[in-house]
>>> print(open('upload22.pdb').read())   # PDB, C-alpha atoms
ATOM      1  CA  GLY T   1      12.895  86.063  71.296  1.00  0.00           C
ATOM      2  CA  GLU T   2      13.715  89.114  73.402  1.00  0.00           C
ATOM      3  CA  GLN T   3      17.017  89.709  71.595  1.00  0.00           C
ATOM      4  CA  LEU T   4      15.305  89.476  68.211  1.00  0.00           C
ATOM      5  CA  LEU T   5      12.729  92.044  69.339  1.00  0.00           C
ATOM      6  CA  GLN T   6      15.509  94.383  70.495  1.00  0.00           C
ATOM      7  CA  GLU T   7      17.334  93.958  67.171  1.00  0.00           C
ATOM      8  CA  VAL T   8      14.151  94.708  65.232  1.00  0.00           C
ATOM      9  CA  GLU T   9      13.509  97.806  67.355  1.00  0.00           C
ATOM     10  CA  ALA T  10      17.117  98.979  66.874  1.00  0.00           C
ATOM     11  CA  GLU T  11      16.861  98.492  63.102  1.00  0.00           C
ATOM     12  CA  HIS T  12      13.570 100.384  63.087  1.00  0.00           C
ATOM     13  CA  LYS T  13      15.189 103.310  64.934  1.00  0.00           C
ATOM     14  CA  ARG T  14      18.114 103.317  62.474  1.00  0.00           C
ATOM     15  CA  ALA T  15      15.727 103.308  59.526  1.00  0.00           C
ATOM     16  CA  MET T  16      13.705 106.161  61.016  1.00  0.00           C
ATOM     17  CA  GLY T  17      16.909 108.130  61.562  1.00  0.00           C
ATOM     18  CA  GLN T  18      17.881 107.609  57.932  1.00  0.00           C
ATOM     19  CA  ILE T  19      14.442 108.774  56.819  1.00  0.00           C
ATOM     20  CA  ASP T  20      14.779 111.873  59.023  1.00  0.00           C
ATOM     21  CA  VAL T  21      18.182 112.686  57.505  1.00  0.00           C
ATOM     22  CA  TYR T  22      16.817 112.212  53.981  1.00  0.00           C
ATOM     23  CA  ALA T  23      13.782 114.390  54.723  1.00  0.00           C
ATOM     24  CA  LEU T  24      15.974 117.168  56.125  1.00  0.00           C
ATOM     25  CA  GLN T  25      18.194 117.021  53.044  1.00  0.00           C
ATOM     26  CA  GLN T  26      15.157 117.289  50.784  1.00  0.00           C
ATOM     27  CA  PHE T  27      13.775 120.224  52.787  1.00  0.00           C
ATOM     28  CA  SER T  28      17.148 121.968  52.450  1.00  0.00           C
ATOM     29  CA  ARG T  29      17.086 121.449  48.684  1.00  0.00           C
ATOM     30  CA  LEU T  30      13.525 122.763  48.560  1.00  0.00           C
ATOM     31  CA  GLU T  31      14.476 125.828  50.592  1.00  0.00           C
ATOM     32  CA  GLU T  32      17.386 126.571  48.246  1.00  0.00           C
ATOM     33  CA  ALA T  33      15.132 126.231  45.207  1.00  0.00           C
ATOM     34  CA  VAL T  34      12.504 128.541  46.710  1.00  0.00           C
ATOM     35  CA  GLN T  35      15.176 131.118  47.566  1.00  0.00           C
ATOM     36  CA  GLU T  36      16.540 130.985  44.014  1.00  0.00           C
ATOM     37  CA  GLY T  37      13.029 131.374  42.625  1.00  0.00           C
ATOM     38  CA  MET T  38      12.320 134.326  44.897  1.00  0.00           C
ATOM     39  CA  LYS T  39      15.578 135.984  43.831  1.00  0.00           C
ATOM     40  CA  ILE T  40      14.552 135.649  40.182  1.00  0.00           C
ATOM     41  CA  VAL T  41      11.143 137.179  40.929  1.00  0.00           C
ATOM     42  CA  ILE T  42      12.648 140.048  42.948  1.00  0.00           C
ATOM     43  CA  ASP T  43      15.245 140.773  40.252  1.00  0.00           C
ATOM     44  CA  ALA T  44      12.536 140.806  37.574  1.00  0.00           C
ATOM     45  CA  LEU T  45      10.368 143.097  39.697  1.00  0.00           C
ATOM     46  CA  GLN T  46      13.258 145.509  40.223  1.00  0.00           C
ATOM     47  CA  ASP T  47      14.061 145.513  36.499  1.00  0.00           C
ATOM     48  CA  THR T  48      10.423 146.130  35.626  1.00  0.00           C
ATOM     49  CA  THR T  49      10.125 148.943  38.159  1.00  0.00           C
ATOM     50  CA  SER T  50      13.269 150.563  36.798  1.00  0.00           C
ATOM     51  CA  THR T  51      12.003 150.298  33.220  1.00  0.00           C
ATOM     52  CA  ILE T  52       8.643 151.814  34.178  1.00  0.00           C
ATOM     53  CA  GLU T  53      10.354 154.701  35.974  1.00  0.00           C
ATOM     54  CA  GLN T  54      12.516 155.371  32.907  1.00  0.00           C
ATOM     55  CA  ALA T  55       9.449 155.292  30.670  1.00  0.00           C
ATOM     56  CA  LYS T  56       7.646 157.769  32.948  1.00  0.00           C
ATOM     57  CA  ARG T  57      10.585 160.167  32.754  1.00  0.00           C
ATOM     58  CA  HIS T  58      10.656 159.952  28.955  1.00  0.00           C
ATOM     59  CA  VAL T  59       6.920 160.548  28.672  1.00  0.00           C
ATOM     60  CA  GLY T  60       7.222 163.601  30.910  1.00  0.00           C
ATOM     61  CA  GLN T  61       9.831 165.230  28.670  1.00  0.00           C
TER      62      GLN T  61
END
>>> encode(input="upload22.pdb", output="structure tokens")
Amino acid sequence: GEQLLQEVEAEHKRAMGQIDVYALQQFSRLEEAVQEGMKIVIDALQDTTSTIEQAKRHVGQ
């Protein structure tokens, strides 16, 4: 009985470790996706700002 309990506890710890590894992998993927999304937003903002500045210069001429 005691050995079975120890085996069950060991299996539970292994399963929890696997879940932790999976969760960390998913968080890493999420972080990468957020960074890519932020880069797209920043690039678009820079392009828009540049276009607006060019338009202002043309209007002033």
>>> axis_aligned_box(input="upload22.pdb", around="region 35-40 of chain T", padding_each_side="5 Å", output="lines of an AutoDock Vina configuration file")
center_x = 14.4
center_y = 133.5
center_z = 43.9
size_x = 14.2
size_y = 15.0
size_z = 17.4
>>> atom_distance(input="upload22.pdb", atom1="CA of Ala15 (chain T)", atom2="CA of Ser28 (chain T)")
20.0 Å
>>> atom_distance(input="upload22.pdb", atom1="CA of Thr51 (chain T)", atom2="CA of Gly37 (chain T)")
21.2 Å
